[in-house]
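For reference, structure_13.csv is printed below; it contains CSV, C-alpha atoms.
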```
chain,number,residue,atom,x,y,z
B,101,MET,CA,-27.8,14.7,-9.3
B,102,GLN,CA,-28.9,11.5,-7.7
B,103,LYS,CA,-28.1,9.8,-4.4
B,104,THR,CA,-28.7,6.2,-3.7
B,105,ILE,CA,-27.3,3.3,-1.7
B,106,LEU,CA,-26.8,0.1,-3.6
B,107,LYS,CA,-28.4,-2.9,-2.0
B,108,LYS,CA,-26.2,-5.5,-0.4
B,109,SER,CA,-27.5,-8.1,-2.9
B,110,LEU,CA,-25.4,-6.4,-5.6
B,111,ASN,CA,-22.0,-7.8,-6.0
B,112,LEU,CA,-19.8,-4.7,-6.0
B,113,VAL,CA,-16.1,-5.4,-6.6
B,114,MET,CA,-13.0,-3.4,-6.6
B,115,CYS,CA,-11.2,-3.6,-10.0
B,116,GLY,CA,-7.6,-3.8,-8.9
B,117,ILE,CA,-5.5,-6.7,-7.7
B,118,LEU,CA,-5.4,-10.4,-6.5
B,119,SER,CA,-5.2,-12.9,-9.2
B,120,THR,CA,-8.1,-15.1,-8.4
B,121,ALA,CA,-11.1,-16.3,-10.4
B,122,VAL,CA,-13.2,-13.8,-8.5
B,123,LEU,CA,-13.4,-10.3,-9.8
B,124,LEU,CA,-12.0,-8.9,-6.6
B,125,GLY,CA,-9.1,-6.5,-7.0
B,126,GLY,CA,-9.3,-6.7,-10.8
B,127,CYS,CA,-6.0,-8.2,-11.6
B,128,GLY,CA,-4.8,-9.7,-14.8
B,129,VAL,CA,-5.4,-13.4,-14.3
B,130,GLY,CA,-2.4,-15.5,-15.3
B,131,ASN,CA,-0.4,-12.4,-16.2
B,132,THR,CA,3.1,-13.5,-15.4
B,133,ALA,CA,6.2,-11.3,-15.0
B,134,GLU,CA,7.5,-12.8,-18.3
B,135,LYS,CA,4.5,-11.5,-20.2
B,136,GLN,CA,5.1,-8.0,-18.8
B,137,LYS,CA,8.6,-7.8,-20.3
B,138,GLU,CA,8.0,-6.2,-23.6
B,139,ALA,CA,10.2,-4.3,-25.9
B,140,ALA,CA,9.7,-0.6,-26.1
B,141,PRO,CA,7.1,0.2,-28.7
B,142,ALA,CA,8.4,1.2,-32.1
B,143,ALA,CA,8.1,4.8,-33.1
B,144,LYS,CA,4.9,5.4,-35.1
B,145,GLN,CA,4.6,7.5,-38.1
B,146,GLU,CA,2.4,10.5,-37.7
B,147,VAL,CA,-1.0,9.8,-39.2
B,148,ARG,CA,-3.2,12.6,-40.4
B,149,LEU,CA,-6.9,11.9,-39.6
B,150,SER,CA,-9.9,13.5,-41.1
B,151,ASP,CA,-12.1,15.6,-38.9
B,152,ALA,CA,-14.6,12.8,-38.8
B,153,ARG,CA,-12.0,10.4,-37.4
B,154,ASN,CA,-10.1,12.8,-35.2
B,155,THR,CA,-12.9,12.8,-32.5
B,156,PRO,CA,-12.6,14.2,-29.0
B,157,VAL,CA,-12.2,10.6,-27.8
B,158,VAL,CA,-9.1,10.1,-30.1
B,159,VAL,CA,-7.6,13.4,-28.9
B,160,ALA,CA,-8.3,12.6,-25.2
B,161,ALA,CA,-6.8,9.2,-25.5
B,162,GLN,CA,-3.7,10.6,-27.1
B,163,LYS,CA,-3.4,13.2,-24.4
B,164,VAL,CA,-3.9,11.1,-21.3
B,165,GLY,CA,-3.0,7.6,-22.5
B,166,PRO,CA,0.8,8.1,-22.1
B,167,ALA,CA,0.3,9.0,-18.4
B,168,VAL,CA,-1.6,5.9,-17.6
B,169,VAL,CA,0.7,3.2,-16.2
B,170,GLY,CA,0.5,-0.4,-15.1
B,171,ILE,CA,1.1,-1.3,-11.4
B,172,THR,CA,2.2,-4.8,-10.4
B,173,ASN,CA,1.8,-5.8,-6.8
B,174,LYS,CA,4.3,-8.3,-5.5
B,175,ALA,CA,4.5,-9.9,-2.1
B,176,TYR,CA,6.4,-12.7,-0.3
B,177,VAL,CA,4.6,-16.0,-0.1
B,178,ARG,CA,5.5,-19.6,0.8
B,179,ASP,CA,5.4,-22.1,-2.1
B,180,PHE,CA,4.6,-25.8,-2.0
B,181,PHE,CA,8.1,-26.5,-0.7
B,182,ASN,CA,7.8,-23.9,2.1
B,183,ARG,CA,10.2,-21.6,0.4
B,184,VAL,CA,9.6,-17.8,0.6
B,185,GLN,CA,9.4,-16.2,-2.8
B,186,LEU,CA,8.5,-12.8,-4.1
B,187,THR,CA,5.3,-13.5,-6.2
B,188,GLU,CA,3.1,-11.4,-8.3
B,189,ARG,CA,-0.3,-10.9,-6.7
B,190,GLY,CA,-1.9,-9.0,-9.5
B,191,THR,CA,-2.0,-5.8,-11.5
B,192,GLY,CA,-3.8,-2.5,-11.7
B,193,SER,CA,-3.5,0.9,-13.2
B,194,GLY,CA,-2.2,4.3,-12.2
B,195,VAL,CA,-2.1,7.9,-13.4
B,196,ILE,CA,1.0,10.0,-13.4
B,197,TYR,CA,-0.1,13.5,-12.2
B,198,ASP,CA,3.1,15.2,-11.4
B,199,LYS,CA,6.5,15.4,-13.2
B,200,SER,CA,8.3,14.4,-10.1
B,201,GLY,CA,7.0,10.9,-10.6
B,202,LEU,CA,3.8,10.9,-8.4
B,203,ILE,CA,1.2,8.4,-9.5
B,204,ALA,CA,-2.4,8.2,-8.3
B,205,THR,CA,-3.9,4.8,-7.9
B,206,ASN,CA,-6.2,2.8,-5.6
B,207,ASN,CA,-5.4,1.6,-2.1
B,208,HIS,CA,-6.6,-1.9,-3.0
B,209,VAL,CA,-4.1,-2.0,-6.0
B,210,VAL,CA,-1.1,-1.6,-3.7
B,211,GLU,CA,-2.4,-3.1,-0.5
B,212,GLY,CA,-0.1,-5.7,1.1
B,213,ALA,CA,2.7,-5.2,-1.5
B,214,GLN,CA,6.3,-5.8,-0.6
B,215,GLU,CA,7.4,-4.6,-4.0
B,216,ILE,CA,5.7,-2.4,-6.6
B,217,ILE,CA,6.6,-2.5,-10.3
B,218,VAL,CA,5.4,0.4,-12.5
B,219,SER,CA,5.2,-0.3,-16.2
B,220,LEU,CA,5.4,2.9,-18.3
B,221,THR,CA,3.9,3.3,-21.8
B,222,ASP,CA,7.4,3.6,-23.3
B,223,GLY,CA,8.2,0.0,-22.4
B,224,ARG,CA,10.2,0.6,-19.3
B,225,SER,CA,9.5,-1.1,-16.0
B,226,VAL,CA,10.7,0.5,-12.8
B,227,LYS,CA,10.3,0.0,-9.1
B,228,GLY,CA,7.9,2.2,-7.3
B,229,LYS,CA,7.5,3.2,-3.7
B,230,VAL,CA,4.1,3.6,-1.9
B,231,LEU,CA,4.3,7.1,-0.3
B,232,GLY,CA,0.9,6.7,1.3
B,233,ALA,CA,-2.4,4.8,1.1
B,234,ASP,CA,-5.8,5.3,2.6
B,235,ALA,CA,-8.3,2.5,2.8
B,236,ALA,CA,-11.2,4.8,3.7
B,237,THR,CA,-11.1,6.6,0.4
B,238,ASP,CA,-9.4,3.7,-1.6
B,239,LEU,CA,-6.6,6.0,-2.8
B,240,ALA,CA,-2.9,5.7,-2.8
B,241,VAL,CA,0.2,7.5,-4.1
B,242,VAL,CA,3.1,5.7,-5.7
B,243,LYS,CA,6.5,7.5,-6.5
B,244,ILE,CA,8.9,6.5,-9.2
B,245,ASP,CA,12.3,8.0,-10.0
B,246,VAL,CA,13.2,7.9,-13.7
B,247,ASP,CA,15.5,9.8,-16.1
B,248,GLY,CA,13.8,12.2,-18.5
B,249,ASP,CA,10.5,13.9,-18.6
B,250,LEU,CA,7.4,11.9,-17.7
B,251,PRO,CA,4.0,12.3,-19.4
B,252,VAL,CA,1.6,13.9,-17.0
B,253,ALA,CA,-2.2,13.8,-17.0
B,254,GLU,CA,-4.1,17.0,-16.4
B,255,PHE,CA,-6.8,17.0,-13.6
B,256,GLY,CA,-10.1,18.6,-14.5
B,257,ASP,CA,-13.0,19.8,-12.4
B,258,SER,CA,-15.3,16.9,-11.5
B,259,SER,CA,-17.9,19.3,-10.1
B,260,THR,CA,-18.8,20.5,-13.6
B,261,LEU,CA,-19.6,17.0,-14.9
B,262,GLN,CA,-23.0,16.6,-16.5
B,263,VAL,CA,-25.0,13.4,-16.8
B,264,GLY,CA,-24.8,12.1,-20.3
B,265,GLU,CA,-21.5,13.7,-21.3
B,266,PRO,CA,-18.8,11.5,-22.8
B,267,ALA,CA,-16.7,9.4,-20.4
B,268,ILE,CA,-13.5,7.7,-21.4
B,269,ALA,CA,-11.8,5.0,-19.3
B,270,ILE,CA,-8.1,4.3,-19.8
B,271,GLY,CA,-6.3,1.5,-18.0
B,272,ASN,CA,-5.1,-2.1,-18.1
B,273,PRO,CA,-8.1,-4.5,-18.1
B,274,LEU,CA,-7.1,-8.1,-17.3
B,275,GLY,CA,-3.5,-7.2,-16.9
B,276,LEU,CA,-0.6,-5.7,-18.8
B,277,GLU,CA,-1.3,-7.7,-22.0
B,278,PHE,CA,-4.1,-5.3,-22.6
B,279,ARG,CA,-2.4,-2.2,-21.3
B,280,GLY,CA,-3.6,1.2,-22.4
B,281,SER,CA,-7.1,0.0,-23.3
B,282,VAL,CA,-9.6,2.8,-24.0
B,283,THR,CA,-13.3,2.3,-23.5
B,284,VAL,CA,-16.0,4.9,-24.0
B,285,GLY,CA,-19.4,5.6,-22.5
B,286,VAL,CA,-21.1,8.4,-20.7
B,287,ILE,CA,-21.4,9.8,-17.2
B,288,SER,CA,-24.4,7.8,-16.0
B,289,ALA,CA,-24.9,9.5,-12.7
B,290,LEU,CA,-23.2,11.7,-10.1
B,291,ASN,CA,-22.9,11.4,-6.4
B,292,ARG,CA,-23.7,7.7,-6.2
B,293,SER,CA,-23.5,6.7,-2.6
B,294,ILE,CA,-22.3,3.1,-2.1
B,295,GLU,CA,-21.3,1.1,0.9
B,296,LEU,CA,-18.4,-1.5,1.0
B,297,GLY,CA,-18.3,-3.1,4.4
B,298,ASP,CA,-18.5,-0.3,6.9
B,299,ARG,CA,-17.2,2.3,4.5
B,300,LYS,CA,-19.2,4.7,2.4
B,301,PHE,CA,-18.1,6.2,-0.9
B,302,THR,CA,-19.6,8.9,-3.1
B,303,LEU,CA,-18.6,8.1,-6.6
B,304,ILE,CA,-19.2,8.9,-10.3
B,305,GLN,CA,-21.2,6.2,-12.2
B,306,THR,CA,-20.3,5.4,-15.8
B,307,ASP,CA,-21.1,2.8,-18.4
B,308,ALA,CA,-17.7,3.0,-19.9
B,309,ALA,CA,-16.4,-0.5,-19.5
B,310,ILE,CA,-14.3,-0.9,-16.3
B,311,ASN,CA,-12.9,-4.4,-15.9
B,312,PRO,CA,-10.5,-6.1,-13.6
B,313,GLY,CA,-7.2,-4.3,-13.9
B,314,ASN,CA,-8.7,-0.9,-14.6
B,315,SER,CA,-8.5,0.1,-11.0
B,316,GLY,CA,-6.5,3.2,-10.5
B,317,GLY,CA,-6.8,4.2,-14.1
B,318,ALA,CA,-8.2,7.4,-15.5
B,319,LEU,CA,-11.8,8.4,-16.2
B,320,VAL,CA,-11.4,11.2,-18.7
B,321,ASN,CA,-13.8,13.9,-20.2
B,322,ALA,CA,-13.9,14.9,-23.8
B,323,ASP,CA,-11.5,17.7,-23.1
B,324,GLY,CA,-8.8,15.2,-22.2
B,325,GLU,CA,-8.9,16.0,-18.5
B,326,VAL,CA,-8.9,13.3,-15.8
B,327,VAL,CA,-12.2,13.7,-13.8
B,328,GLY,CA,-12.1,10.4,-11.9
B,329,ILE,CA,-9.9,7.5,-10.7
B,330,ASN,CA,-11.6,4.3,-11.7
B,331,SER,CA,-12.3,2.1,-8.8
B,332,ALA,CA,-15.1,-0.5,-8.9
B,333,LYS,CA,-17.9,-2.2,-10.8
B,334,VAL,CA,-21.1,-4.1,-10.2
B,335,ALA,CA,-20.5,-7.7,-11.1
B,336,VAL,CA,-23.8,-9.5,-11.2
B,337,SER,CA,-25.1,-11.9,-13.8
B,338,GLY,CA,-27.2,-9.9,-16.2
B,339,VAL,CA,-25.9,-6.5,-15.1
B,340,GLU,CA,-23.6,-4.6,-17.5
B,341,GLY,CA,-22.3,-1.1,-17.8
B,342,ILE,CA,-22.3,0.0,-14.1
B,343,GLY,CA,-18.8,1.1,-13.1
B,344,PHE,CA,-17.6,3.7,-10.6
B,345,ALA,CA,-14.8,6.2,-10.3
B,346,ILE,CA,-13.6,8.5,-7.4
B,347,PRO,CA,-14.3,12.2,-8.4
B,348,VAL,CA,-11.0,13.9,-8.9
B,349,ASN,CA,-12.0,16.9,-6.8
B,350,SER,CA,-12.4,14.6,-3.8
B,351,ALA,CA,-9.2,12.7,-4.7
B,352,LYS,CA,-6.8,15.7,-5.1
B,353,PRO,CA,-6.6,16.8,-1.4
B,354,ILE,CA,-6.3,13.2,-0.3
B,355,LEU,CA,-3.5,12.6,-2.8
B,356,ASP,CA,-1.7,15.7,-1.7
B,357,GLU,CA,-1.8,14.7,2.0
B,358,LEU,CA,-0.7,11.1,1.2
B,359,ALA,CA,2.2,12.4,-0.9
B,360,ASN,CA,3.3,14.9,1.7
B,361,HIS,CA,2.5,13.0,5.0
B,362,GLY,CA,2.0,9.4,4.0
B,363,ARG,CA,-1.4,9.2,5.7
B,364,ILE,CA,-4.6,11.0,6.3
B,365,ALA,CA,-5.2,12.6,9.8
B,366,ARG,CA,-8.8,12.1,10.6
B,367,PRO,CA,-10.7,13.2,13.7
B,368,TYR,CA,-12.6,10.7,15.9
B,369,ILE,CA,-14.8,11.0,19.0
B,370,GLY,CA,-13.7,7.7,20.7
B,371,ALA,CA,-16.9,5.8,21.2
B,372,SER,CA,-18.6,2.7,20.0
B,373,LEU,CA,-22.2,3.5,18.9
B,374,ILE,CA,-25.5,1.7,18.2
B,375,ASP,CA,-28.2,3.3,16.1
B,376,LYS,CA,-31.7,2.1,15.2
B,377,ASP,CA,-30.5,0.0,12.2
B,378,ILE,CA,-27.8,-1.8,14.2
B,379,SER,CA,-30.3,-2.2,17.1
B,380,ALA,CA,-32.8,-3.9,14.8
B,381,ARG,CA,-30.2,-6.0,13.1
B,382,TYR,CA,-28.9,-7.6,16.3
B,383,GLY,CA,-32.2,-7.7,18.2
B,384,PHE,CA,-31.4,-5.1,20.8
B,385,ASP,CA,-34.5,-3.6,22.5
B,386,LEU,CA,-33.4,0.0,23.0
B,387,ASP,CA,-35.4,3.2,23.3
B,388,LEU,CA,-33.0,5.5,21.4
B,389,HIS,CA,-35.3,8.6,21.6
B,390,GLY,CA,-34.4,9.3,17.9
B,391,GLY,CA,-30.7,9.3,18.7
B,392,ILE,CA,-27.6,7.1,18.9
B,393,PHE,CA,-26.8,4.9,21.9
B,394,VAL,CA,-23.2,5.2,23.3
B,395,MET,CA,-22.1,1.6,24.1
B,396,LYS,CA,-18.4,2.0,24.9
B,397,ILE,CA,-16.0,5.0,25.3
B,398,VAL,CA,-12.3,5.2,24.9
B,399,THR,CA,-10.6,6.3,28.1
B,400,ASN,CA,-9.0,9.7,27.7
B,401,GLY,CA,-10.6,9.9,24.3
B,402,PRO,CA,-12.4,13.1,23.0
B,403,VAL,CA,-15.9,12.4,24.3
B,404,TYR,CA,-14.6,10.8,27.6
B,405,ASN,CA,-12.7,14.0,28.3
B,406,ALA,CA,-15.8,16.0,27.6
B,407,GLY,CA,-17.8,14.1,30.1
B,408,MET,CA,-19.8,11.6,27.9
B,409,ARG,CA,-20.3,8.2,29.4
B,410,PRO,CA,-21.6,4.8,28.3
B,411,GLY,CA,-25.4,4.7,28.2
B,412,ASP,CA,-25.7,8.3,27.0
B,413,ILE,CA,-27.8,8.9,23.8
B,414,ILE,CA,-26.3,11.3,21.3
B,415,LEU,CA,-29.1,13.6,19.9
B,416,THR,CA,-27.2,16.2,18.0
B,417,PHE,CA,-23.7,16.7,16.6
B,418,ASP,CA,-22.5,20.3,16.0
B,419,GLY,CA,-26.1,21.5,15.9
B,420,ALA,CA,-27.4,18.9,13.5
B,421,LYS,CA,-29.8,16.1,14.6
B,422,VAL,CA,-28.2,12.6,14.0
B,423,GLU,CA,-30.2,9.4,14.1
B,424,THR,CA,-27.7,7.0,12.5
B,425,VAL,CA,-24.0,6.2,12.8
B,426,PRO,CA,-23.5,7.0,9.0
B,427,GLU,CA,-25.1,10.4,9.6
B,428,LEU,CA,-22.7,11.1,12.5
B,429,ARG,CA,-19.7,9.9,10.5
B,430,ALA,CA,-20.6,12.2,7.6
B,431,LYS,CA,-20.8,15.2,9.9
B,432,LEU,CA,-17.5,14.2,11.6
B,433,ALA,CA,-15.8,13.9,8.2
B,434,GLU,CA,-16.4,17.6,7.6
B,435,LYS,CA,-14.3,18.4,10.7
B,436,LYS,CA,-10.6,18.6,11.4
B,437,VAL,CA,-8.4,17.4,14.2
B,438,GLY,CA,-8.5,20.0,16.9
B,439,ASP,CA,-12.0,21.3,16.1
B,440,VAL,CA,-14.3,21.9,19.0
B,441,VAL,CA,-17.9,20.6,18.4
B,442,THR,CA,-21.0,20.6,20.6
B,443,ILE,CA,-22.6,17.2,21.2
B,444,VAL,CA,-26.0,17.1,22.9
B,445,VAL,CA,-26.7,13.8,24.8
B,446,LEU,CA,-29.6,12.5,26.7
B,447,ARG,CA,-28.7,11.0,30.2
B,448,ALA,CA,-31.4,9.9,32.6
B,449,GLY,CA,-34.0,12.0,30.8
B,450,ILE,CA,-31.9,15.1,31.0
B,451,GLU,CA,-30.2,16.7,28.0
B,452,ARG,CA,-26.6,17.8,28.4
B,453,SER,CA,-24.5,19.9,26.1
B,454,LEU,CA,-20.8,18.7,25.9
B,455,GLN,CA,-17.9,20.6,24.3
B,456,VAL,CA,-15.8,18.0,22.5
B,457,THR,CA,-12.3,18.6,21.2
B,458,LEU,CA,-11.7,16.2,18.3
B,459,GLN,CA,-8.5,14.2,18.4
B,460,GLU,CA,-6.7,12.3,15.6
B,461,MET,CA,-7.9,8.8,15.1
B,462,PRO,CA,-5.2,6.3,16.1
B,463,GLN,CA,-3.7,4.5,13.2
B,464,GLU,CA,-4.8,1.1,14.4
B,465,ASN,CA,-8.4,2.2,14.1
```
Please express what this file holds, its structure, as structure tokens.
Amino acid sequence: MQKTILKKSLNLVMCGILSTAVLLGGCGVGNTAEKQKEAAPAAKQEVRLSDARNTPVVVAAQKVGPAVVGITNKAYVRDFFNRVQLTERGTGSGVIYDKSGLIATNNHVVEGAQEIIVSLTDGRSVKGKVLGADAATDLAVVKIDVDGDLPVAEFGDSSTLQVGEPAIAIGNPLGLEFRGSVTVGVISALNRSIELGDRKFTLIQTDAAINPGNSGGALVNADGEVVGINSAKVAVSGVEGIGFAIPVNSAKPILDELANHGRIARPYIGASLIDKDISARYGFDLDLHGGIFVMKIVTNGPVYNAGMRPGDIILTFDGAKVETVPELRAKLAEKKVGDVVTIVVLRAGIERSLQVTLQEMPQEN
């Protein structure tokens, strides 16, 4: 398994919504609502394939494809005449993972939507409701209520993935005109660590083609199990075949919490911090003693109540030395609201051990 941080010079884009010429949000450019209204597909005659043709890719596509849906994001905007109209912002993909109508997709596919339209593979289009969305993991859950049984995709175990094994991406590249497209490649790498803004993601890398509109779709193994939720690609001239998916093992607990509670309860310490990288970037001349400088503290927040004050330098978090803010965030992400952790700080040359009770991060943060 490899770990790396993609340089900022790479143009990493999310493959989900926003119909612009830029590959941000991966929508179907020019995909109007009229084009989405298609008759239900005619019943197909059963075709017997030879063993040579009936490959694991064919079997996996037949198994998972019916559970991959189109998701259209609509929002109210003002037109040229200053009239407010409900307008399509773009399209993405989703995966039905529960017969009650629960659909896994990306946060950036549904972000800012006033209305969600879900297009099923049987030709029906129904309204969906966003039960919960989480920007930090780029995951969301949409719920639909329809008559009859829904096709459901089976989640696999992404921890068993091997570099080089087949990877099958199913989704709606460039909008619903190309719905249910199947592309094939391999698992290129595991545990790729990438940064988007101030967020860090650990993703599966694949060379199966992931294009605008594929966001929220399924990355499938040769057994027909969903092992990832397609999310992003590197879009740089001369670069091909570098796409990313959220491992399903990481996604499942997030999806469950979003479906049940509508949000993710995350702990925070309540402080603004500066590490060596931030210090160098902004020209601060700080002696950090190999730690993290505490610039501001939230009154009555976790570290405030434990006795931490601005000017302190955090040396260790829960027994582990931390030198950068991402390192501290990674350790914090392993904890739960209500956990008590020991933070050692340096103040006026003296080390102090503080017992911090983690609180839930306010939603505005």
message: If we count all atoms listed in the file and set the cut-off at 10 Å, which residues sit around region 301-309 of chain B, ignoring sequence neighbours fewer than 3 positions away in its own chain? Please answer as JSON, numbers by chain.
response: {"B": [103, 104, 105, 236, 237, 238, 258, 261, 263, 264, 266, 267, 268, 269, 270, 273, 282, 283, 284, 285, 286, 287, 288, 289, 290, 291, 292, 293, 294, 295, 296, 314, 319, 327, 328, 329, 330, 331, 332, 333, 340, 341, 342, 343, 344, 345, 346, 347, 348, 350]}
- request: Could you pull out every residue with an atom within 6 Å of (7.4, 2.4, -12.9), file coordinates, counting only C-alpha atoms, and send them as a list in words?
  value: Ile217, Val218, Ser219, Leu220, Ser225, Val226, Lys227, Gly228 and Ile244 of chain B
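If only C-alpha atoms are the atoms counted, then among B:Gly419, B:Gly256, B:Ala235, B:Val147 the closest residue to Lys431 (chain B) is B:Gly419.
What separates CA of Ile414 (chain B) from CA of Gln463 (chain B) is a distance of 25.0 Å.
Here CA of Lys421 (chain B) is placed at a distance of 24.2 Å from CA of Gly383 (chain B).
Going from CA of Gly317 (chain B) over to CA of Ala204 (chain B), you cover 8.3 Å.
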field: Who sits within 12 Å of Glu215 (chain B), only C-alpha atoms, same chain under 5 positions skipped, as a list of chain:residue names
entry: B:Ile171, B:Thr172, B:Asn173, B:Lys174, B:Ala175, B:Tyr176, B:Gln185, B:Leu186, B:Thr187, B:Glu188, B:Arg189, B:Gly190, B:Val209, B:Val210, B:Val226, B:Lys227, B:Gly228, B:Lys229, B:Val230, B:Val242
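Nearest residue to Glu211 (chain B), choosing from B:Ser379, B:Thr191, B:Asn349, B:Asn405 and counting all atoms listed in the file: B:Thr191.
With only C-alpha atoms as the atoms that count, the residue of B:Ala351, B:Leu202, B:Val252, B:Ala213 with the shortest distance to Gly324 (chain B) is B:Val252.
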- request: With a distance cut-off of 10 Å and all atoms listed in the file, select the neighbouring residues of Val158 (chain B), excluding the residue or stretch itself and same-chain residues fewer than 2 positions from it, and output the selection as a PyMOL selection string.
  value: chain B and resi 149+153-156+160-163+282+322+324
Take the residues from that selection and write them out as a CSV table (one decimal), keeping the file's coordinate frame, keeping C-alpha atoms.
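Now in again_30.csv:
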```
chain,number,residue,atom,x,y,z
B,149,LEU,CA,-6.9,11.9,-39.6
B,153,ARG,CA,-12.0,10.4,-37.4
B,154,ASN,CA,-10.1,12.8,-35.2
B,155,THR,CA,-12.9,12.8,-32.5
B,156,PRO,CA,-12.6,14.2,-29.0
B,160,ALA,CA,-8.3,12.6,-25.2
B,161,ALA,CA,-6.8,9.2,-25.5
B,162,GLN,CA,-3.7,10.6,-27.1
B,163,LYS,CA,-3.4,13.2,-24.4
B,282,VAL,CA,-9.6,2.8,-24.0
B,322,ALA,CA,-13.9,14.9,-23.8
B,324,GLY,CA,-8.8,15.2,-22.2
```
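Closest approach to Met395 (chain B) from the set B:Gly316, B:Pro426, B:Gly280, B:Gly411 is made by B:Gly411, with distances taken over only C-alpha atoms.
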message: Need to verify the contact set: Val440 (chain B), 8 Å, only C-alpha atoms, exclusion of same-chain residues closer than 5 positions in sequence. Can you return it as a PyMOL selection string?
response: chain B and resi 455-458
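Closest to Arg429 (chain B) among B:Arg452, B:Ser372, B:Glu325, B:Val445 is B:Ser372, based on only C-alpha atoms.
Residues in contact with Ile397 (chain B) at 7 Å, where all atoms listed in the file are counted and same-chain residues fewer than 2 positions away are skipped, are listed as Gly370, Ala371, Ser372, Thr399, Tyr404, Arg409 and Pro410 of chain B.
Counting only C-alpha atoms, the residue from B:Ala240, B:Val168, B:Ala433, B:Ile203 that sits nearest to Ala365 (chain B) is B:Ala433.
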